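S.K.: This structure is in structure tokens; I'll ask about it shortly.
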Amino acid sequence: MKNVLLFVSLMIFASVHIFTQEDVLRPKKPQHIQQDVNLDANYKIRYGIEVGINYNLYSSDQRWLPIVDQSLLNVYGKAEGISPYFVAMLDFPINSKFGIQTRLSYEGRGFSNEYDGIADCYIADDFQIVDAEVRINSKFSGADIGFSALLRYNVTDEIEIALGPMLLIPSADYEIEETQTVLSEECFFNYDTDPTKQISSTSKIGINTRFGIDLGFSYNIPLSDAVTLAPSLRLNYMFNKLFDDMAGIDVTRESLYGSAFYELVDAKLNVLKFGFALWF
Amino acid sequence: MKLILNSLLLLCLFSIVASSQVTVSPVEFNSSKDDFNSNITQNGKSIYFTSNRNGGSQRVFIVEERNGSLNSPKEASGAINDGKESGAVALTSDGQFMLFAAFEHEVGGIGRLDIYSAEKINGKWTNVKNLGPNINSSGWDSQPMISNDGNILLFSSDRDGGYGGTDIYISFRTADGWSKAENAGKNINSEYDEMTPVIGVDNSNFTFASNRPGGYGEFDIYISKYKFNRFDKPVNAGEPINSSADDFYYYSMPNSDIAYFSSSRPGGQGGLDIYKAVPNPYESDAVLLLSGVVKDAKNGSLLDANIIITDLESGKKVADLRSDDNTGEYFVILQQGRTYSITADKEDYVFFSSRYEVPAGDAGSTQTKNIELSPISGGNTRLLVFFDFDKATLKKESVPELDRVASFLKKYKNVKILLEGHTDDVGAPDYNQKLSESRANSVKEYLVNKDIASNRINTAGFGLSKPLVNEKTDAARATNRRVEMKIIE
């Protein structure tokens, strides 16, 4: 055992010695660059940070059987909104034009929609049912952890394009906050107990880990010899669903359509991003 | 129109022919290991280069010319090879002073690889000194190159704050040593690697190697000019100088159509090899090669003396060298169309000063000027002083020489001198007699004002009675107009 340890120690010492030996023709690169043997030794690894805004674009398909006209559930057909993101980046140059860029990000999520629909309204005194105009607002919020591995290409010294796969892992279930407001004067929620014009509820929804592509354009503006500012525009296009398909009964207009079978399918969340990166 | 087309065709044809005539061939002393960084000194008498032919470490090697042929390479003797890696040398044209790079040299360093200086004394490289923080950084500093006039130092460094990779840096000689090195700028440096700077003997032609895009592959040699303190935009040296492999270190031999460079192209002995390109497509401007020996004026023994050459018009020192300890030889490269002063001094000898003119037509030639130094006891020298025409008023160009006399007298406090004034044969003898006395007295007056005791300086005027040359030419008259200093005690 002692001999093994001695051997290992000698090997470590020898390898450290080799790494630090300089010659007069070409400088040795710092050790962390040398260890990446697939990369051209002439280029240095860059690291950077980026902050910016996500423009979240949610969409899904909805089906009713029978079709319920102006159902409040239409609010879940689409949504949009902005949220912040933060990224730590590494860029491993391959040659003067290409490199591999890795991004580890915190992606805040927030998107909402508002829809003016129709719901059944019971008039208590004469047991009549009339159509009530209801404004429904739904708001999704949550966060993902993102990881991208991109092939970076320098179109010019200033302009970069990066494209590659992206993985988004939800940090937790998203929260859905739903608010309904009755616009019709004669109708109320909870008409028999605590009549009110507005009700709110909060629920959670399980979010899938998603795969997609990350496409980015950025423009490098050197601030100094060591620091570069890069405004960037990116698209995160996801291939799989934000959450699993859902099915249920829509009774919001039961008086007219009966209990309608309802499906919410192919929920997708794609993101346009605008941010500023600092490369070191 | 047809004529223009024909002319263009001929021009194209000429350029193609001219390009294809350059012959590139490996030199005979390459090895199967890396051989690079060839430095030719004393007009081809010695070739210094860097190689790891004797094992893993880089060492400085020398090949010397003997009876018209080159001897076998041997490791340069002395302390320059005391680093774990030593090489990338730059020498002054006389081969007496060297800059080199070393990893973990015994004298100590500042960064990962540093630049050092060394002097050749008794045939050995010694007195190794680290060039200090104005040149060396905590990073990799290597491949020094010193201009022919010794006033510009260029080198390669990967220090922080550059344009990327290794950049070329420049420093200037000042009275206090080398100035703080500065990046050579974006005309030369890029985000890629720039290295192996070489400045021509004309102090203007400039070459370096870079792996920037747009070349022939790996490192290519680029050509630029350094003038008025700036570098021109470089151009790729093209084929056959560049190849798809590494090409470094492009040296132009002075007054010659030969260039040397280093390349790892196929067809060599292995690794990097040194190649010769003939004719050199990027020749430096023609210069005058001046050589000679320094001797004892009494017994003819060969002397190692300090020699300083100054451009009399600009007042700038253009060379600070030393004649060889063993052979007394010196070698210097001078620019055409300039007038210089050459001064030589050695302990216990009277200094020597002379005016030396290099007319434009003399460029491209090799001339010899031997220097004789008189021992102090009974010695004499001609002073390089200048007077207004027909007057005894000293010109300002005389000041460096007069200060030299003052320093000499302060160093040798027991010495007494006689200043002798002489004129040419133009004008009446009586007038010339008085003029020669007045001129000698003008020199004495300057020295007394420099705190030299009056009783240590005697003066005499000889008019036209003691000419050095008995001819009536302008050159002879210029030689005869003089002030001589003789040691009388």
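The chains in the structure tokens are called A, B, ... from first to last as shown; in each chain the residues are counted from 1, and the ligands are counted from 1 in the order shown.
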I'd like a table as JSON lines: residues in chain B with an atom no more than 10 Å from chain A, each row giving the shortest atom pair and its distance in Å to one decimal, only C-alpha atoms counted, sorted by chain and rising residue number.

M.R.:
{"residue": "B:Phe36", "atom": "CA", "partner": "A:Leu25", "partner_atom": "CA", "distance": 9.0}
{"residue": "B:Asn37", "atom": "CA", "partner": "A:Leu25", "partner_atom": "CA", "distance": 9.2}
{"residue": "B:Thr50", "atom": "CA", "partner": "A:Val24", "partner_atom": "CA", "distance": 9.0}
{"residue": "B:Ser57", "atom": "CA", "partner": "A:Asp23", "partner_atom": "CA", "distance": 8.3}
{"residue": "B:Gln58", "atom": "CA", "partner": "A:Asp23", "partner_atom": "CA", "distance": 7.3}
{"residue": "B:Arg59", "atom": "CA", "partner": "A:Val24", "partner_atom": "CA", "distance": 9.7}
{"residue": "B:Lys84", "atom": "CA", "partner": "A:Gln21", "partner_atom": "CA", "distance": 8.6}
{"residue": "B:Glu85", "atom": "CA", "partner": "A:Asp23", "partner_atom": "CA", "distance": 6.1}
{"residue": "B:Ser86", "atom": "CA", "partner": "A:Val24", "partner_atom": "CA", "distance": 6.9}
{"residue": "B:Gly87", "atom": "CA", "partner": "A:Val24", "partner_atom": "CA", "distance": 6.2}
{"residue": "B:Ala88", "atom": "CA", "partner": "A:Val24", "partner_atom": "CA", "distance": 6.1}
{"residue": "B:Val89", "atom": "CA", "partner": "A:Val24", "partner_atom": "CA", "distance": 9.5}
{"residue": "B:Phe100", "atom": "CA", "partner": "A:Val24", "partner_atom": "CA", "distance": 9.0}
{"residue": "B:Ala101", "atom": "CA", "partner": "A:Val24", "partner_atom": "CA", "distance": 6.2}
{"residue": "B:Ala102", "atom": "CA", "partner": "A:Val24", "partner_atom": "CA", "distance": 6.8}
{"residue": "B:Phe103", "atom": "CA", "partner": "A:Glu22", "partner_atom": "CA", "distance": 6.2}
{"residue": "B:Glu104", "atom": "CA", "partner": "A:Glu22", "partner_atom": "CA", "distance": 9.0}
{"residue": "B:Arg112", "atom": "CA", "partner": "A:Glu22", "partner_atom": "CA", "distance": 6.9}
{"residue": "B:Leu113", "atom": "CA", "partner": "A:Glu22", "partner_atom": "CA", "distance": 6.7}
{"residue": "B:Asp114", "atom": "CA", "partner": "A:Val24", "partner_atom": "CA", "distance": 9.1}
{"residue": "B:Ile115", "atom": "CA", "partner": "A:Val24", "partner_atom": "CA", "distance": 9.7}
{"residue": "B:Gly139", "atom": "CA", "partner": "A:Pro27", "partner_atom": "CA", "distance": 8.8}
{"residue": "B:Trp140", "atom": "CA", "partner": "A:Pro27", "partner_atom": "CA", "distance": 6.1}
{"residue": "B:Asp141", "atom": "CA", "partner": "A:Val24", "partner_atom": "CA", "distance": 8.4}
{"residue": "B:Ser142", "atom": "CA", "partner": "A:Val24", "partner_atom": "CA", "distance": 5.9}
{"residue": "B:Gln143", "atom": "CA", "partner": "A:Val24", "partner_atom": "CA", "distance": 7.0}
{"residue": "B:Ser156", "atom": "CA", "partner": "A:Leu25", "partner_atom": "CA", "distance": 9.5}
{"residue": "B:Ser157", "atom": "CA", "partner": "A:Pro27", "partner_atom": "CA", "distance": 8.5}
{"residue": "B:Asp158", "atom": "CA", "partner": "A:Pro27", "partner_atom": "CA", "distance": 7.4}
{"residue": "B:Asp160", "atom": "CA", "partner": "A:Ala226", "partner_atom": "CA", "distance": 8.1}
{"residue": "B:Gly161", "atom": "CA", "partner": "A:Asp225", "partner_atom": "CA", "distance": 5.5}
{"residue": "B:Gly162", "atom": "CA", "partner": "A:Asp225", "partner_atom": "CA", "distance": 6.5}
{"residue": "B:Tyr163", "atom": "CA", "partner": "A:Asp225", "partner_atom": "CA", "distance": 6.4}
{"residue": "B:Gly164", "atom": "CA", "partner": "A:Asp225", "partner_atom": "CA", "distance": 8.3}
{"residue": "B:Gly165", "atom": "CA", "partner": "A:Asn42", "partner_atom": "CA", "distance": 6.8}
{"residue": "B:Thr166", "atom": "CA", "partner": "A:Pro27", "partner_atom": "CA", "distance": 8.1}
{"residue": "B:Glu191", "atom": "CA", "partner": "A:Ser96", "partner_atom": "CA", "distance": 9.0}
{"residue": "B:Tyr192", "atom": "CA", "partner": "A:Asn42", "partner_atom": "CA", "distance": 7.7}
{"residue": "B:Asp193", "atom": "CA", "partner": "A:Asn42", "partner_atom": "CA", "distance": 7.5}
{"residue": "B:Met195", "atom": "CA", "partner": "A:Leu25", "partner_atom": "CA", "distance": 8.5}
{"residue": "B:Thr196", "atom": "CA", "partner": "A:Leu25", "partner_atom": "CA", "distance": 8.2}
{"residue": "B:Asn211", "atom": "CA", "partner": "A:Asn42", "partner_atom": "CA", "distance": 9.0}
{"residue": "B:Arg212", "atom": "CA", "partner": "A:Ser96", "partner_atom": "CA", "distance": 8.2}
{"residue": "B:Pro213", "atom": "CA", "partner": "A:Ser96", "partner_atom": "CA", "distance": 7.5}
{"residue": "B:Phe248", "atom": "CA", "partner": "A:Leu25", "partner_atom": "CA", "distance": 9.6}

S.K.: For the selection just defined, write its residues with N, CA and C atoms to a file, as a CSV table (one decimal), in the first residue's frame.

M.R.:
chain,number,residue,atom,x,y,z
B,36,PHE,N,16.0,26.2,-34.5
B,36,PHE,CA,15.3,27.4,-35.0
B,36,PHE,C,16.1,28.6,-34.4
B,37,ASN,N,15.6,29.8,-34.8
B,37,ASN,CA,16.1,31.0,-34.2
B,37,ASN,C,17.6,31.3,-34.6
B,50,THR,N,18.9,27.9,-31.6
B,50,THR,CA,18.3,27.2,-30.5
B,50,THR,C,18.0,25.8,-31.0
B,57,SER,N,15.9,19.3,-23.5
B,57,SER,CA,16.0,20.7,-23.1
B,57,SER,C,16.5,21.6,-24.3
B,58,GLN,N,16.0,22.8,-24.4
B,58,GLN,CA,16.4,23.7,-25.4
B,58,GLN,C,17.7,24.3,-25.0
B,59,ARG,N,18.7,24.5,-25.9
B,59,ARG,CA,20.0,25.1,-25.6
B,59,ARG,C,20.4,26.0,-26.7
B,84,LYS,N,16.8,25.8,-17.2
B,84,LYS,CA,16.3,24.5,-17.6
B,84,LYS,C,16.0,24.4,-19.1
B,85,GLU,N,15.6,25.5,-19.6
B,85,GLU,CA,15.4,25.7,-21.0
B,85,GLU,C,16.1,27.1,-21.3
B,86,SER,N,16.9,27.1,-22.4
B,86,SER,CA,17.5,28.4,-22.8
B,86,SER,C,17.5,28.5,-24.3
B,87,GLY,N,17.3,29.7,-24.8
B,87,GLY,CA,17.3,29.9,-26.2
B,87,GLY,C,16.7,31.1,-26.6
B,88,ALA,N,16.2,31.1,-27.9
B,88,ALA,CA,15.5,32.3,-28.5
B,88,ALA,C,16.4,33.5,-28.3
B,89,VAL,N,17.6,33.4,-28.8
B,89,VAL,CA,18.6,34.4,-28.6
B,89,VAL,C,18.5,35.6,-29.6
B,100,PHE,N,18.5,36.7,-24.3
B,100,PHE,CA,18.0,35.3,-24.5
B,100,PHE,C,16.9,35.0,-23.5
B,101,ALA,N,16.2,34.0,-23.7
B,101,ALA,CA,15.1,33.6,-22.9
B,101,ALA,C,15.4,32.3,-22.1
B,102,ALA,N,15.0,32.2,-20.9
B,102,ALA,CA,15.3,31.0,-20.2
B,102,ALA,C,14.2,30.7,-19.2
B,103,PHE,N,14.0,29.4,-19.0
B,103,PHE,CA,13.1,28.9,-18.0
B,103,PHE,C,13.9,28.4,-16.8
B,104,GLU,N,13.6,29.0,-15.6
B,104,GLU,CA,14.3,28.7,-14.4
B,104,GLU,C,15.8,28.8,-14.5
B,112,ARG,N,7.0,33.0,-15.6
B,112,ARG,CA,7.1,31.6,-16.1
B,112,ARG,C,8.3,31.4,-16.9
B,113,LEU,N,8.6,32.4,-17.8
B,113,LEU,CA,9.8,32.4,-18.6
B,113,LEU,C,10.3,33.8,-18.8
B,114,ASP,N,11.6,34.1,-18.6
B,114,ASP,CA,12.0,35.5,-18.6
B,114,ASP,C,13.1,35.7,-19.6
B,115,ILE,N,13.4,37.0,-19.9
B,115,ILE,CA,14.4,37.4,-20.8
B,115,ILE,C,15.6,37.9,-20.0
B,139,GLY,N,4.1,36.3,-16.6
B,139,GLY,CA,3.8,35.3,-17.6
B,139,GLY,C,5.0,34.8,-18.4
B,140,TRP,N,4.8,34.5,-19.6
B,140,TRP,CA,5.8,34.0,-20.5
B,140,TRP,C,6.3,35.1,-21.4
B,141,ASP,N,7.6,35.4,-21.2
B,141,ASP,CA,8.3,36.5,-22.0
B,141,ASP,C,9.5,35.8,-22.7
B,142,SER,N,9.5,35.9,-24.0
B,142,SER,CA,10.5,35.2,-24.7
B,142,SER,C,10.8,35.9,-26.0
B,143,GLN,N,11.7,35.3,-26.8
B,143,GLN,CA,12.1,35.7,-28.2
B,143,GLN,C,12.4,37.2,-28.3
B,156,SER,N,8.2,38.7,-27.4
B,156,SER,CA,6.9,38.1,-27.4
B,156,SER,C,6.5,37.8,-25.9
B,157,SER,N,5.2,38.0,-25.6
B,157,SER,CA,4.8,37.7,-24.3
B,157,SER,C,3.3,37.3,-24.3
B,158,ASP,N,2.9,36.5,-23.3
B,158,ASP,CA,1.5,36.1,-23.2
B,158,ASP,C,0.9,36.8,-21.9
B,160,ASP,N,-1.0,39.3,-19.3
B,160,ASP,CA,-2.4,39.8,-19.4
B,160,ASP,C,-2.4,41.2,-20.0
B,161,GLY,N,-3.5,41.5,-20.6
B,161,GLY,CA,-3.7,42.9,-21.1
B,161,GLY,C,-3.4,43.0,-22.6
B,162,GLY,N,-3.1,41.9,-23.3
B,162,GLY,CA,-2.8,41.9,-24.7
B,162,GLY,C,-4.0,41.8,-25.5
B,163,TYR,N,-3.8,41.6,-26.8
B,163,TYR,CA,-4.9,41.4,-27.7
B,163,TYR,C,-5.4,39.9,-27.8
B,164,GLY,N,-4.6,39.1,-27.1
B,164,GLY,CA,-5.0,37.6,-27.1
B,164,GLY,C,-3.8,36.8,-27.5
B,165,GLY,N,-3.7,35.6,-26.9
B,165,GLY,CA,-2.6,34.7,-27.2
B,165,GLY,C,-1.3,35.4,-26.8
B,166,THR,N,-0.2,35.2,-27.6
B,166,THR,CA,1.0,35.9,-27.4
B,166,THR,C,1.0,37.1,-28.3
B,191,GLU,N,-6.0,38.8,-31.9
B,191,GLU,CA,-6.5,37.9,-30.9
B,191,GLU,C,-5.7,36.6,-31.0
B,192,TYR,N,-5.0,36.4,-32.1
B,192,TYR,CA,-4.2,35.1,-32.2
B,192,TYR,C,-2.8,35.3,-31.7
B,193,ASP,N,-1.9,34.4,-32.0
B,193,ASP,CA,-0.6,34.5,-31.4
B,193,ASP,C,0.3,35.2,-32.4
B,195,MET,N,4.5,36.2,-32.6
B,195,MET,CA,5.7,35.9,-32.0
B,195,MET,C,6.9,36.0,-32.9
B,196,THR,N,8.1,35.7,-32.5
B,196,THR,CA,9.4,35.7,-33.2
B,196,THR,C,9.6,37.0,-33.9
B,211,ASN,N,-0.3,33.0,-36.2
B,211,ASN,CA,-1.2,32.0,-36.6
B,211,ASN,C,-2.6,32.5,-36.9
B,212,ARG,N,-2.7,33.8,-37.3
B,212,ARG,CA,-4.0,34.4,-37.6
B,212,ARG,C,-4.6,33.8,-38.8
B,213,PRO,N,-5.9,33.9,-39.0
B,213,PRO,CA,-6.5,33.3,-40.2
B,213,PRO,C,-6.1,34.0,-41.4
B,248,PHE,N,8.7,30.4,-38.8
B,248,PHE,CA,9.1,31.4,-37.8
B,248,PHE,C,10.3,32.1,-38.2

S.K.: Return as a PyMOL selection string the full set of residues in segment 409-470 of chain B whose backbone-based DSSP assignment is alpha helix (DSSP H).

M.R.: chain B and resi 409-411+429-449

S.K.: For Asn220 of chain A, which of A:Ile169, A:Ala277, A:Ile199, A:Ile100 is the closest residue, counting only C-alpha atoms?

M.R.: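 Closest to Asn220 of chain A, using only C-alpha atoms: A:Ala277.
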
S.K.: Return the single residue from B:Gly111, B:Pro26, B:Pro429, B:Gly44 that is closest to Ser262 of chain B, with distances computed using only C-alpha atoms.

M.R.: B:Pro26

S.K.: Ala172 of chain A: which residues within 9 Å, counting only C-alpha atoms, same-chain residues fewer than 3 positions away excluded, as an mmCIF file with N, CA, C and O atoms, in the first residue's frame?

M.R.:
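Heads up, here's the output in part03.cif:
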data_model
loop_
_atom_site.group_PDB
_atom_site.id
_atom_site.type_symbol
_atom_site.label_atom_id
_atom_site.label_comp_id
_atom_site.auth_asym_id
_atom_site.auth_seq_id
_atom_site.Cartn_x
_atom_site.Cartn_y
_atom_site.Cartn_z
ATOM 1 N N GLY A 142 -43.364 30.049 -11.872
ATOM 2 C CA GLY A 142 -42.489 28.948 -11.459
ATOM 3 C C GLY A 142 -41.066 29.228 -11.910
ATOM 4 O O GLY A 142 -40.701 30.382 -12.166
ATOM 5 N N ALA A 143 -40.249 28.186 -11.972
ATOM 6 C CA ALA A 143 -38.857 28.367 -12.387
ATOM 7 C C ALA A 143 -38.303 27.044 -12.913
ATOM 8 O O ALA A 143 -38.744 25.971 -12.480
ATOM 9 N N ASP A 144 -37.374 27.161 -13.852
ATOM 10 C CA ASP A 144 -36.674 25.995 -14.387
ATOM 11 C C ASP A 144 -35.173 26.186 -14.213
ATOM 12 O O ASP A 144 -34.676 27.317 -14.160
ATOM 13 N N ILE A 169 -35.215 21.714 -16.574
ATOM 14 C CA ILE A 169 -35.702 20.895 -15.455
ATOM 15 C C ILE A 169 -36.452 21.830 -14.503
ATOM 16 O O ILE A 169 -35.863 22.808 -14.022
ATOM 17 N N GLY A 206 -47.955 19.913 -12.047
ATOM 18 C CA GLY A 206 -46.656 19.265 -12.260
ATOM 19 C C GLY A 206 -46.118 19.575 -13.652
ATOM 20 O O GLY A 206 -46.848 19.528 -14.636
ATOM 21 N N ILE A 207 -44.865 19.925 -13.712
ATOM 22 C CA ILE A 207 -44.231 20.357 -14.967
ATOM 23 C C ILE A 207 -43.228 19.294 -15.407
ATOM 24 O O ILE A 207 -42.507 18.727 -14.580
#

S.K.: I'd like the contact shell of Ser184 of chain A - 9 Å cut-off, only C-alpha atoms, skipping same-chain residues fewer than 4 positions apart - returned as a ChimeraX atom specification.

M.R.: /A:131-134,188

S.K.: Taking C-alpha atoms for each residue, export the selection above as a PDB file, in the first residue's frame.

M.R.:
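Dumped everything to result_12.pdb:
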ATOM      1  CA  ASP A 131     -75.700  33.783 -19.192  1.00  0.00           C
ATOM      2  CA  ALA A 132     -73.265  35.733 -17.114  1.00  0.00           C
ATOM      3  CA  GLU A 133     -70.299  37.553 -18.594  1.00  0.00           C
ATOM      4  CA  VAL A 134     -67.223  36.497 -16.645  1.00  0.00           C
ATOM      5  CA  PHE A 188     -72.711  36.882  -8.114  1.00  0.00           C
TER       6      PHE A 188
END

S.K.: Fewer than 5 positions away in the same chain doesn't count, so skip those; otherwise give me all residues within 8 Å of Lys33 of chain B, counting only C-alpha atoms, as a short mmCIF file (atom, residue, chain, number, x, y, z; two decimals) with C-alpha atoms, in the first residue's frame.

M.R.:
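Written file, out-v9.cif:
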data_model
loop_
_atom_site.label_atom_id
_atom_site.label_comp_id
_atom_site.auth_asym_id
_atom_site.auth_seq_id
_atom_site.Cartn_x
_atom_site.Cartn_y
_atom_site.Cartn_z
CA SER B 51 17.96 23.43 -30.51
CA ASN B 52 16.99 20.52 -28.31
CA ARG B 53 19.17 18.13 -30.34
CA GLN B 269 15.69 16.76 -40.92
CA GLY B 270 12.77 16.67 -38.48
CA GLY B 271 10.99 19.04 -36.15
CA LEU B 272 11.75 22.64 -36.85
#
